[in-house]
>>> print(open('work01.txt').read())   # compact mmCIF, C-alpha atoms and all ligand atoms
# COMPACT_ATOMS: atom_id res chain seq x y z
CA MET A 1440 8.59 22.92 -30.03
CA ALA A 1441 10.12 19.73 -28.56
CA VAL A 1442 11.94 20.17 -25.26
CA ARG A 1443 15.58 19.00 -25.49
CA ARG A 1444 17.07 17.81 -22.23
CA SER A 1445 20.74 17.66 -21.28
CA LYS A 1446 22.32 14.49 -22.59
CA LYS A 1447 22.25 12.05 -19.68
CA LYS A 1448 23.66 8.56 -20.07
CA CYS A 1449 21.50 5.56 -19.13
CA LEU A 1450 21.92 1.83 -18.94
CA VAL A 1451 18.89 -0.39 -19.55
CA ILE A 1452 19.46 -3.87 -18.09
CA GLY A 1453 17.06 -6.18 -19.90
CA GLY A 1454 16.93 -3.65 -22.76
CA CYS A 1455 16.33 -6.41 -25.33
CA GLY A 1456 13.08 -7.47 -23.64
CA PHE A 1457 9.53 -6.26 -24.23
CA LEU A 1458 9.49 -3.38 -21.72
CA GLY A 1459 13.23 -2.70 -21.95
CA ARG A 1460 13.19 -2.08 -25.70
CA HIS A 1461 10.26 0.36 -25.42
CA LEU A 1462 12.18 2.15 -22.66
CA VAL A 1463 15.29 2.33 -24.87
CA GLU A 1464 13.27 3.82 -27.75
CA GLU A 1465 11.69 6.49 -25.55
CA LEU A 1466 15.00 7.39 -23.88
CA LEU A 1467 16.54 7.94 -27.32
CA GLU A 1468 13.51 10.10 -28.28
CA ARG A 1469 14.21 12.19 -25.18
CA ASP A 1470 17.85 12.65 -26.17
CA TYR A 1471 19.44 10.34 -23.61
CA THR A 1472 22.57 8.38 -24.49
CA VAL A 1473 21.68 4.70 -24.10
CA ASN A 1474 23.59 1.53 -23.24
CA VAL A 1475 21.79 -1.81 -23.24
CA PHE A 1476 22.84 -4.83 -21.16
CA ASP A 1477 21.15 -8.17 -21.82
CA MET A 1478 21.98 -11.86 -22.10
CA ARG A 1479 20.57 -11.91 -25.64
CA SER A 1480 20.41 -9.60 -28.62
CA THR A 1481 16.98 -8.99 -30.21
CA PHE A 1482 17.44 -5.81 -32.25
CA GLU A 1483 20.03 -3.46 -33.67
CA ASP A 1484 20.23 0.31 -33.36
CA GLU A 1485 23.31 2.33 -34.21
CA MET A 1486 22.38 4.89 -31.51
CA VAL A 1487 22.66 2.22 -28.80
CA THR A 1488 25.78 0.58 -27.35
CA PHE A 1489 25.06 -3.08 -26.58
CA PHE A 1490 26.69 -5.23 -23.87
CA ILE A 1491 25.92 -8.94 -23.77
CA GLY A 1492 26.36 -10.70 -20.41
CA ASP A 1493 24.81 -12.13 -17.27
CA LEU A 1494 23.58 -9.57 -14.75
CA CYS A 1495 24.61 -11.91 -11.94
CA LYS A 1496 28.24 -11.11 -12.78
CA THR A 1497 29.47 -7.73 -11.57
CA GLU A 1498 32.42 -8.00 -13.95
CA ASP A 1499 30.02 -8.30 -16.91
CA LEU A 1500 28.04 -5.26 -15.75
CA LEU A 1501 30.86 -2.82 -14.98
CA PRO A 1502 31.87 -1.94 -18.58
CA ALA A 1503 28.23 -1.13 -19.37
CA MET A 1504 28.03 1.26 -16.38
CA GLU A 1505 30.98 3.48 -17.24
CA ASN A 1506 29.96 7.16 -16.86
CA VAL A 1507 26.29 6.17 -16.55
CA ASP A 1508 23.91 8.52 -14.68
CA ILE A 1509 20.83 6.26 -14.42
CA VAL A 1510 20.54 2.48 -14.40
CA PHE A 1511 17.13 1.01 -15.25
CA HIS A 1512 16.99 -2.63 -14.12
CA CYS A 1513 14.15 -4.35 -16.01
CA ALA A 1514 15.50 -7.87 -16.51
CA SER A 1515 13.91 -10.98 -15.05
CA PRO A 1516 13.28 -14.60 -16.00
CA ALA A 1517 9.79 -15.08 -17.48
CA PRO A 1518 7.13 -15.35 -14.71
CA SER A 1519 5.77 -18.52 -16.33
CA SER A 1520 8.90 -20.46 -15.31
CA ASP A 1521 8.69 -22.70 -12.26
CA ASN A 1522 12.43 -22.71 -11.61
CA TYR A 1523 13.02 -21.36 -8.08
CA GLN A 1524 16.83 -21.50 -8.38
CA LEU A 1525 16.72 -19.40 -11.54
CA PHE A 1526 14.44 -16.76 -9.99
CA TYR A 1527 16.52 -16.62 -6.80
CA ARG A 1528 19.79 -16.34 -8.71
CA VAL A 1529 18.67 -13.70 -11.22
CA ASN A 1530 16.10 -11.65 -9.30
CA TYR A 1531 17.74 -11.69 -5.87
CA GLU A 1532 21.45 -12.44 -6.16
CA GLY A 1533 21.65 -10.79 -9.59
CA THR A 1534 20.04 -7.63 -8.25
CA LYS A 1535 22.62 -7.54 -5.45
CA SER A 1536 25.30 -7.68 -8.19
CA VAL A 1537 23.59 -4.79 -9.98
CA ILE A 1538 23.61 -2.73 -6.77
CA SER A 1539 27.26 -3.42 -6.02
CA ALA A 1540 28.25 -2.69 -9.64
CA CYS A 1541 26.35 0.64 -9.45
CA LYS A 1542 28.28 1.53 -6.29
CA GLU A 1543 31.63 0.50 -7.79
CA ALA A 1544 30.96 2.39 -11.04
CA GLY A 1545 29.74 5.53 -9.20
CA VAL A 1546 26.22 5.37 -10.67
CA GLN A 1547 23.95 7.70 -8.65
CA ARG A 1548 20.46 6.56 -9.70
CA LEU A 1549 18.91 3.09 -9.89
CA VAL A 1550 15.35 2.42 -11.07
CA LEU A 1551 14.02 -1.11 -10.53
CA THR A 1552 11.10 -2.58 -12.46
CA SER A 1553 9.28 -4.37 -9.68
CA SER A 1554 5.75 -5.75 -9.92
CA ALA A 1555 2.36 -4.98 -8.38
CA SER A 1556 2.23 -8.68 -7.48
CA VAL A 1557 4.55 -7.99 -4.50
CA VAL A 1558 1.48 -6.93 -2.48
CA PHE A 1559 -0.91 -9.59 -3.84
CA GLU A 1560 -1.58 -12.87 -2.09
CA GLY A 1561 -4.75 -14.04 -3.79
CA VAL A 1562 -7.20 -11.69 -2.07
CA ASP A 1563 -8.92 -8.94 -4.11
CA ILE A 1564 -7.37 -5.47 -3.82
CA GLN A 1565 -9.28 -2.37 -4.90
CA ASN A 1566 -7.77 1.11 -4.77
CA GLY A 1567 -4.64 -0.42 -3.23
CA SER A 1568 -1.91 2.05 -2.35
CA GLU A 1569 1.82 1.78 -1.72
CA ASP A 1570 1.06 1.50 2.03
CA LEU A 1571 0.02 -2.14 1.54
CA PRO A 1572 2.48 -4.57 3.14
CA TYR A 1573 4.42 -7.09 1.08
CA ALA A 1574 2.52 -10.34 0.53
CA SER A 1575 3.27 -12.72 3.40
CA HIS A 1576 2.34 -15.66 1.15
CA PRO A 1577 3.50 -14.67 -2.36
CA ILE A 1578 1.56 -16.41 -5.13
CA ASP A 1579 4.60 -17.92 -6.88
CA TYR A 1580 8.43 -18.05 -6.98
CA TYR A 1581 8.53 -15.11 -9.36
CA THR A 1582 6.68 -12.91 -6.86
CA GLU A 1583 8.64 -14.24 -3.89
CA THR A 1584 11.92 -13.19 -5.52
CA LYS A 1585 10.49 -9.89 -6.85
CA ILE A 1586 9.80 -9.04 -3.16
CA LEU A 1587 13.35 -9.96 -2.13
CA GLN A 1588 14.70 -7.94 -5.06
CA GLU A 1589 12.62 -4.85 -4.31
CA LYS A 1590 13.52 -4.87 -0.62
CA GLU A 1591 17.22 -5.09 -1.54
CA VAL A 1592 17.01 -2.15 -3.97
CA LEU A 1593 15.05 0.10 -1.60
CA LYS A 1594 17.27 -0.59 1.39
CA SER A 1595 20.38 0.20 -0.65
CA ASN A 1596 19.18 3.79 -1.10
CA CYS A 1597 21.89 6.03 0.37
CA GLU A 1598 23.68 9.34 -0.16
CA ASP A 1599 25.72 8.00 -3.09
CA LEU A 1600 23.08 5.79 -4.74
CA HIS A 1601 19.44 6.93 -4.99
CA THR A 1602 17.02 4.08 -5.65
CA ILE A 1603 13.35 3.65 -6.52
CA ALA A 1604 11.02 0.79 -7.55
CA VAL A 1605 8.22 1.02 -10.11
CA ARG A 1606 5.44 -1.59 -9.82
CA PRO A 1607 3.45 -2.22 -13.01
CA HIS A 1608 0.94 -5.00 -13.45
CA GLY A 1609 0.20 -6.93 -16.65
CA ILE A 1610 1.92 -4.84 -19.32
CA PHE A 1611 0.42 -4.73 -22.83
CA GLY A 1612 1.23 -2.91 -26.07
CA PRO A 1613 3.09 -3.33 -29.37
CA ARG A 1614 5.41 -6.39 -29.50
CA ASP A 1615 3.83 -7.88 -26.32
CA PRO A 1616 5.22 -11.44 -26.40
CA GLN A 1617 3.02 -12.86 -23.67
CA LEU A 1618 -0.14 -11.27 -22.31
CA VAL A 1619 -2.35 -10.71 -25.38
CA PRO A 1620 -0.86 -13.60 -27.43
CA THR A 1621 -1.64 -15.99 -24.54
CA VAL A 1622 -5.23 -14.75 -24.23
CA VAL A 1623 -5.74 -15.02 -28.02
CA ASP A 1624 -4.17 -18.48 -28.08
CA MET A 1625 -6.46 -19.68 -25.26
CA ALA A 1626 -9.52 -18.21 -26.98
CA ARG A 1627 -8.58 -19.96 -30.25
CA LYS A 1628 -8.30 -23.26 -28.37
CA GLY A 1629 -11.74 -22.69 -26.85
CA LYS A 1630 -10.28 -22.37 -23.34
CA SER A 1631 -11.97 -19.07 -22.48
CA LYS A 1632 -15.33 -20.52 -21.51
CA TYR A 1633 -14.92 -20.40 -17.74
CA ILE A 1634 -15.42 -17.66 -15.16
CA ILE A 1635 -13.11 -16.78 -12.28
CA GLY A 1636 -15.10 -15.41 -9.34
CA ASP A 1637 -18.48 -13.86 -10.24
CA GLY A 1638 -17.30 -12.59 -13.62
CA ARG A 1639 -16.93 -8.97 -12.46
CA ASN A 1640 -13.29 -9.17 -11.38
CA LEU A 1641 -11.12 -6.26 -12.38
CA VAL A 1642 -7.50 -6.51 -13.48
CA ASP A 1643 -5.28 -3.49 -13.76
CA PHE A 1644 -3.33 -3.95 -16.99
CA THR A 1645 -0.88 -1.18 -17.89
CA TYR A 1646 -0.04 0.16 -21.35
CA VAL A 1647 3.68 -0.25 -22.02
CA LYS A 1648 4.26 3.42 -22.89
CA ASN A 1649 2.72 4.49 -19.57
CA VAL A 1650 5.09 2.10 -17.81
CA VAL A 1651 8.01 3.59 -19.74
CA HIS A 1652 6.90 7.14 -18.90
CA GLY A 1653 6.69 6.16 -15.23
CA HIS A 1654 10.22 4.76 -15.31
CA ILE A 1655 11.66 7.91 -16.85
CA LEU A 1656 9.84 10.16 -14.37
CA ALA A 1657 11.12 7.90 -11.57
CA GLY A 1658 14.72 8.21 -12.78
CA GLU A 1659 14.45 11.97 -13.24
CA SER A 1660 12.94 12.41 -9.78
CA LEU A 1661 15.90 10.92 -7.90
CA ASP A 1662 17.60 14.20 -6.97
CA GLU A 1663 19.42 14.55 -3.66
CA GLY A 1664 16.80 14.73 -0.88
CA SER A 1665 13.86 13.83 -3.15
CA VAL A 1666 10.87 12.22 -1.39
CA THR A 1667 10.90 9.47 -4.02
CA CYS A 1668 14.30 8.09 -2.96
CA GLY A 1669 14.03 4.63 -1.40
CA LYS A 1670 10.31 4.31 -2.23
CA ALA A 1671 8.12 2.05 -4.39
CA TYR A 1672 5.35 3.32 -6.68
CA HIS A 1673 2.46 1.44 -8.31
CA ILE A 1674 1.83 2.39 -11.89
CA THR A 1675 -1.59 2.08 -13.50
CA ASN A 1676 -3.54 3.41 -16.47
CA ASP A 1677 -5.73 5.71 -14.35
CA ASP A 1678 -4.55 8.86 -16.03
CA PRO A 1679 -3.25 7.57 -19.36
CA ILE A 1680 -0.66 9.39 -21.36
CA TYR A 1681 -1.13 9.13 -25.11
CA PHE A 1682 1.99 9.44 -27.22
P1 LIG A 1701 11.09 -9.85 -21.01
O1 LIG A 1701 11.25 -11.30 -20.76
O2 LIG A 1701 10.49 -9.43 -22.33
O3 LIG A 1701 12.48 -9.11 -20.84
C1 LIG A 1701 13.39 -9.45 -19.82
C2 LIG A 1701 14.80 -9.35 -20.38
O4 LIG A 1701 15.71 -9.69 -19.33
C3 LIG A 1701 15.06 -10.33 -21.54
O5 LIG A 1701 15.53 -9.64 -22.68
C4 LIG A 1701 16.11 -11.29 -20.97
O6 LIG A 1701 17.05 -11.74 -21.93
C5 LIG A 1701 16.77 -10.41 -19.90
N1 LIG A 1701 17.44 -11.22 -18.87
C6 LIG A 1701 16.89 -12.22 -18.13
N2 LIG A 1701 17.82 -12.75 -17.32
C7 LIG A 1701 18.98 -12.07 -17.55
C8 LIG A 1701 20.31 -12.18 -17.02
N3 LIG A 1701 20.64 -13.10 -16.10
N4 LIG A 1701 21.26 -11.33 -17.48
C9 LIG A 1701 20.95 -10.40 -18.45
N5 LIG A 1701 19.71 -10.26 -18.98
C10 LIG A 1701 18.74 -11.09 -18.54
O7 LIG A 1701 10.23 -9.27 -19.78
P2 LIG A 1701 9.33 -7.95 -19.70
O8 LIG A 1701 7.92 -8.36 -19.84
O9 LIG A 1701 9.90 -6.89 -20.58
O10 LIG A 1701 9.54 -7.57 -18.17
C11 LIG A 1701 10.49 -6.58 -17.78
C12 LIG A 1701 10.41 -6.34 -16.29
O11 LIG A 1701 9.09 -5.94 -15.94
C13 LIG A 1701 10.71 -7.58 -15.42
O12 LIG A 1701 11.46 -7.17 -14.30
C14 LIG A 1701 9.34 -8.05 -14.97
O13 LIG A 1701 9.41 -8.67 -13.71
C15 LIG A 1701 8.61 -6.72 -14.87
N6 LIG A 1701 7.16 -6.83 -15.02
C16 LIG A 1701 6.62 -7.25 -16.20
C17 LIG A 1701 5.24 -7.33 -16.35
C18 LIG A 1701 4.62 -7.77 -17.66
O14 LIG A 1701 3.38 -7.90 -17.72
N7 LIG A 1701 5.40 -7.99 -18.72
C19 LIG A 1701 4.40 -6.98 -15.26
C20 LIG A 1701 4.99 -6.55 -14.07
C21 LIG A 1701 6.38 -6.48 -13.96
>>> encode(input="work01.txt", output="C-alpha cells")
Amino acid sequence: MAVRRSKKKCLVIGGCGFLGRHLVEELLERDYTVNVFDMRSTFEDEMVTFFIGDLCKTEDLLPAMENVDIVFHCASPAPSSDNYQLFYRVNYEGTKSVISACKEAGVQRLVLTSSASVVFEGVDIQNGSEDLPYASHPIDYYTETKILQEKEVLKSNCEDLHTIAVRPHGIFGPRDPQLVPTVVDMARKGKSKYIIGDGRNLVDFTYVKNVVHGHILAGESLDEGSVTCGKAYHITNDDPIYF
C-alpha cells in the first residue's frame, strides 16, 4: 500500500526546467502541494500553482513562498553560457534574494541544487567525498558562481531557516535537453573520434530520478538539530533507486 505523507507545501524555483519539472512530478506523486516559480512556462498542470518572475527580485518571489514549508532552488543559467554577469547576477545575487525572501516569508527549509563541479579543478577525482575543499581555480564562470551560491546558502543556515546543498553531476533521463542530445549530435557530426586522457576516464553521470529522490530526502531531513543542516552532499548513481 502506498504511504501517504502529510500535505506539505513546496516551492520549486526553476520548476519549468529539466530537473525542476521531474522534481515537481515526484513531489505531486508524494502528495505534496506544489508551487512553481520560473521565468518561463514550459508545461501546464492543474495540480500546480505557477508564478512567473525573476528570482533576483525578492518581490517576485514572495507571493510564491506564502505558507511554503520547503523551497527547492534549482534554477540557473545554462552552463554552456559564457556570460559572467548573468551567472553572477542569477547564481549569486539571485540566490541571496531567495534566502532573504525565505526569511521574510517564514520558510523553514531551503534545498539548493548545487553541482559536483564545485570541487573540481581539472584534476581527476576518484571516490571524492564532501570533505574535499572548494576548487581554488574553478573550471568556468558557471562553477565559480555555483561555489559562491553554495557558500551563501550553507552559511545562511540558522535556527529559523535550515539549509542544505545537493551536488549532482551530469544529469540524464527523460526530456534531457542537453547531455545526451549533445553527445548524439556530436557523434552524428563525426566529432566523437578523439580520446581525452588514456580513454579510461570515468564520469559520474546521475539519473534524474535519483537526483530528485536525493532532493526530497534532503528537504525531509532538515528537522531542528539534524546533522544535515548547513551541509552539502554529493549525489551519485552508486546505489540506484528504480522507480
Ligand atoms: P534547466 O536549464 O533545464 O532549468 C533551469 C531553470 O531555471 C529554467 O527553467 C530557467 O527558466 C530557470 N531560470 C533561470 N534563470 C532564472 C531566473 N533568473 N529566474 C527564474 N527562473 C530562472 O537546468 P537543469 O539542467 O534542470 O538544472 C537545474 C539545476 O541543477 C541548476 O541549478 C544546475 O546548476 C544544476 N545542475 C544541473 C546538472 C545537469 O547536468 N543538468 C548537473 C549539476 C547541477
>>> closest_residue(input="work01.txt", among="A:Glu1532, A:Glu1589, A:Asp1499, A:Asp1521", to="Leu1549 (chain A)", atoms="all atoms listed in the file")
A:Glu1589
>>> residues_near_ligand(input="work01.txt", ligand="ligand LIG 1701 (chain A)", cutoff="6 Å", atoms="only C-alpha atoms and all ligand atoms", output="number ranges by chain")
A: 1453, 1455-1459, 1477-1479, 1492-1495, 1513-1517, 1529, 1552-1554, 1607-1610
>>> residues_around(input="work01.txt", residues="region 1533-1540 of chain A", least_positions_apart="6", cutoff="7 Å", atoms="only C-alpha atoms", output="list in words")
Leu1494, Cys1495, Lys1496, Thr1497, Leu1500, Leu1501 and Gln1588 of chain A
>>> residues_around(input="work01.txt", residues="Glu1583 (chain A)", least_positions_apart="5", cutoff="10 Å", atoms="all atoms listed in the file", output="list in words")
Tyr1523, Phe1526, Tyr1527, Asn1530, Tyr1531, Ser1556, Val1557, Tyr1573, Ala1574, Ser1575, His1576, Pro1577, Ile1578 and Gln1588 of chain A
>>> closest_residue(input="work01.txt", among="A:Ser1519, A:Thr1481, A:His1673, A:Arg1469", to="Thr1621 (chain A)", atoms="all atoms listed in the file")
A:Ser1519
>>> residues_around(input="work01.txt", residues="region 1661-1665 of chain A", least_positions_apart="4", cutoff="7 Å", atoms="all atoms listed in the file", output="PyMOL selection string")
chain A and resi 1548+1601+1657
>>> closest_residue(input="work01.txt", among="A:Lys1446, A:Phe1482, A:Gly1658, A:Gln1617", to="Asp1470 (chain A)", atoms="only C-alpha atoms")
A:Lys1446
>>> closest_residue(input="work01.txt", among="A:Pro1620, A:Tyr1633, A:Ile1603, A:Val1647", to="Ala1671 (chain A)", atoms="all atoms listed in the file")
A:Ile1603
>>> atom_distance(input="work01.txt", atom1="CA of Glu1485 (chain A)", atom2="CA of Glu1464 (chain A)")
12.0 Å
>>> closest_residue(input="work01.txt", among="A:His1654, A:Arg1528, A:Lys1670, A:Arg1627", to="Cys1449 (chain A)", atoms="all atoms listed in the file")
A:His1654
>>> atom_distance(input="work01.txt", atom1="CA of Leu1587 (chain A)", atom2="CA of Glu1569 (chain A)")
16.5 Å
>>> atom_distance(input="work01.txt", atom1="CA of Ile1452 (chain A)", atom2="CA of Glu1598 (chain A)")
22.7 Å
>>> closest_residue(input="work01.txt", among="A:Ile1491, A:Pro1518, A:Ile1586, A:Leu1525", to="Val1558 (chain A)", atoms="all atoms listed in the file")
A:Ile1586
>>> axis_aligned_box(input="work01.txt", around="region 1449-1468 of chain A", padding_each_side="4 Å", output="AutoDock Vina command-line options")
--center_x 15.7 --center_y 1.3 --center_z -23.2 --size_x 20.4 --size_y 25.6 --size_z 18.2
>>> residues_around(input="work01.txt", residues="Ser1595 (chain A)", least_positions_apart="4", cutoff="8 Å", atoms="only C-alpha atoms", output="PyMOL selection string")
chain A and resi 1538+1591+1600+1602+1669
>>> residues_around(input="work01.txt", residues="Gln1547 (chain A)", least_positions_apart="3", cutoff="8 Å", atoms="all atoms listed in the file", output="list of chain:residue names")
A:Asp1508, A:Ile1509, A:Cys1541, A:Lys1542, A:Asp1599, A:Leu1600, A:His1601
>>> decode(input="work01.txt", residues="region 1466-1477 of chain A", atoms="all heavy atoms", output="compact mmCIF listing (two decimals), in the first residue's frame")
# COMPACT_ATOMS: atom_id res chain seq x y z
N LEU A 1466 7.12 15.23 -6.42
CA LEU A 1466 6.51 15.83 -5.22
C LEU A 1466 4.99 15.64 -5.25
O LEU A 1466 4.37 15.33 -4.23
CB LEU A 1466 6.87 17.32 -5.13
CG LEU A 1466 8.32 17.63 -4.73
CD1 LEU A 1466 8.65 19.10 -5.02
CD2 LEU A 1466 8.56 17.32 -3.26
N LEU A 1467 4.40 15.81 -6.43
CA LEU A 1467 2.95 15.61 -6.55
C LEU A 1467 2.60 14.15 -6.25
O LEU A 1467 1.64 13.86 -5.54
CB LEU A 1467 2.46 15.99 -7.95
CG LEU A 1467 2.49 17.49 -8.29
CD1 LEU A 1467 2.17 17.70 -9.78
CD2 LEU A 1467 1.51 18.28 -7.43
N GLU A 1468 3.42 13.22 -6.79
CA GLU A 1468 3.23 11.78 -6.53
C GLU A 1468 3.22 11.51 -5.03
O GLU A 1468 2.51 10.65 -4.55
CB GLU A 1468 4.39 10.97 -7.12
CG GLU A 1468 4.23 10.53 -8.56
CD GLU A 1468 3.09 9.54 -8.74
OE1 GLU A 1468 3.09 8.53 -8.03
OE2 GLU A 1468 2.21 9.82 -9.56
N ARG A 1469 4.09 12.25 -4.31
CA ARG A 1469 4.23 12.02 -2.86
C ARG A 1469 3.28 12.89 -2.06
O ARG A 1469 3.48 13.11 -0.86
CB ARG A 1469 5.67 12.25 -2.43
CG ARG A 1469 6.63 11.30 -3.10
CD ARG A 1469 8.01 11.39 -2.50
NE ARG A 1469 9.00 10.69 -3.33
CZ ARG A 1469 10.19 10.32 -2.90
NH1 ARG A 1469 10.57 10.59 -1.68
NH2 ARG A 1469 11.02 9.69 -3.71
N ASP A 1470 2.28 13.45 -2.73
CA ASP A 1470 1.20 14.17 -2.06
C ASP A 1470 1.59 15.52 -1.46
O ASP A 1470 0.96 16.00 -0.53
CB ASP A 1470 0.59 13.27 -0.95
CG ASP A 1470 -0.89 13.54 -0.79
OD1 ASP A 1470 -1.51 14.05 -1.74
OD2 ASP A 1470 -1.41 13.28 0.31
N TYR A 1471 2.65 16.11 -2.00
CA TYR A 1471 2.96 17.49 -1.60
C TYR A 1471 2.09 18.45 -2.40
O TYR A 1471 1.67 18.13 -3.52
CB TYR A 1471 4.42 17.82 -1.94
CG TYR A 1471 5.45 17.27 -0.98
CD1 TYR A 1471 5.94 15.98 -1.11
CD2 TYR A 1471 5.94 18.06 0.06
CE1 TYR A 1471 6.90 15.48 -0.24
CE2 TYR A 1471 6.90 17.56 0.93
CZ TYR A 1471 7.38 16.27 0.77
OH TYR A 1471 8.32 15.79 1.64
N THR A 1472 1.84 19.63 -1.83
CA THR A 1472 1.24 20.72 -2.60
C THR A 1472 2.39 21.49 -3.23
O THR A 1472 3.39 21.76 -2.55
CB THR A 1472 0.45 21.65 -1.65
OG1 THR A 1472 -0.53 20.87 -0.99
CG2 THR A 1472 -0.20 22.80 -2.39
N VAL A 1473 2.28 21.81 -4.54
CA VAL A 1473 3.45 22.34 -5.25
C VAL A 1473 3.19 23.68 -5.94
O VAL A 1473 2.24 23.82 -6.72
CB VAL A 1473 3.95 21.32 -6.31
CG1 VAL A 1473 5.20 21.85 -7.00
CG2 VAL A 1473 4.23 19.96 -5.69
N ASN A 1474 4.04 24.66 -5.61
CA ASN A 1474 4.14 25.90 -6.38
C ASN A 1474 5.38 25.82 -7.25
O ASN A 1474 6.39 25.24 -6.84
CB ASN A 1474 4.34 27.11 -5.45
CG ASN A 1474 3.07 27.49 -4.71
OD1 ASN A 1474 2.01 26.94 -4.93
ND2 ASN A 1474 3.21 28.45 -3.80
N VAL A 1475 5.30 26.43 -8.43
CA VAL A 1475 6.47 26.53 -9.31
C VAL A 1475 6.76 27.99 -9.57
O VAL A 1475 5.84 28.78 -9.83
CB VAL A 1475 6.23 25.80 -10.66
CG1 VAL A 1475 7.21 26.26 -11.73
CG2 VAL A 1475 6.36 24.29 -10.48
N PHE A 1476 8.05 28.37 -9.47
CA PHE A 1476 8.48 29.72 -9.83
C PHE A 1476 9.53 29.58 -10.92
O PHE A 1476 10.51 28.85 -10.77
CB PHE A 1476 9.09 30.43 -8.61
CG PHE A 1476 9.52 31.83 -8.88
CD1 PHE A 1476 8.68 32.90 -8.60
CD2 PHE A 1476 10.77 32.10 -9.42
CE1 PHE A 1476 9.08 34.21 -8.86
CE2 PHE A 1476 11.18 33.40 -9.68
CZ PHE A 1476 10.33 34.45 -9.40
N ASP A 1477 9.31 30.29 -12.02
CA ASP A 1477 10.28 30.23 -13.13
C ASP A 1477 10.10 31.49 -13.97
O ASP A 1477 9.07 32.16 -13.90
CB ASP A 1477 10.05 28.96 -13.98
CG ASP A 1477 11.32 28.51 -14.72
OD1 ASP A 1477 11.81 29.29 -15.56
OD2 ASP A 1477 11.81 27.41 -14.46
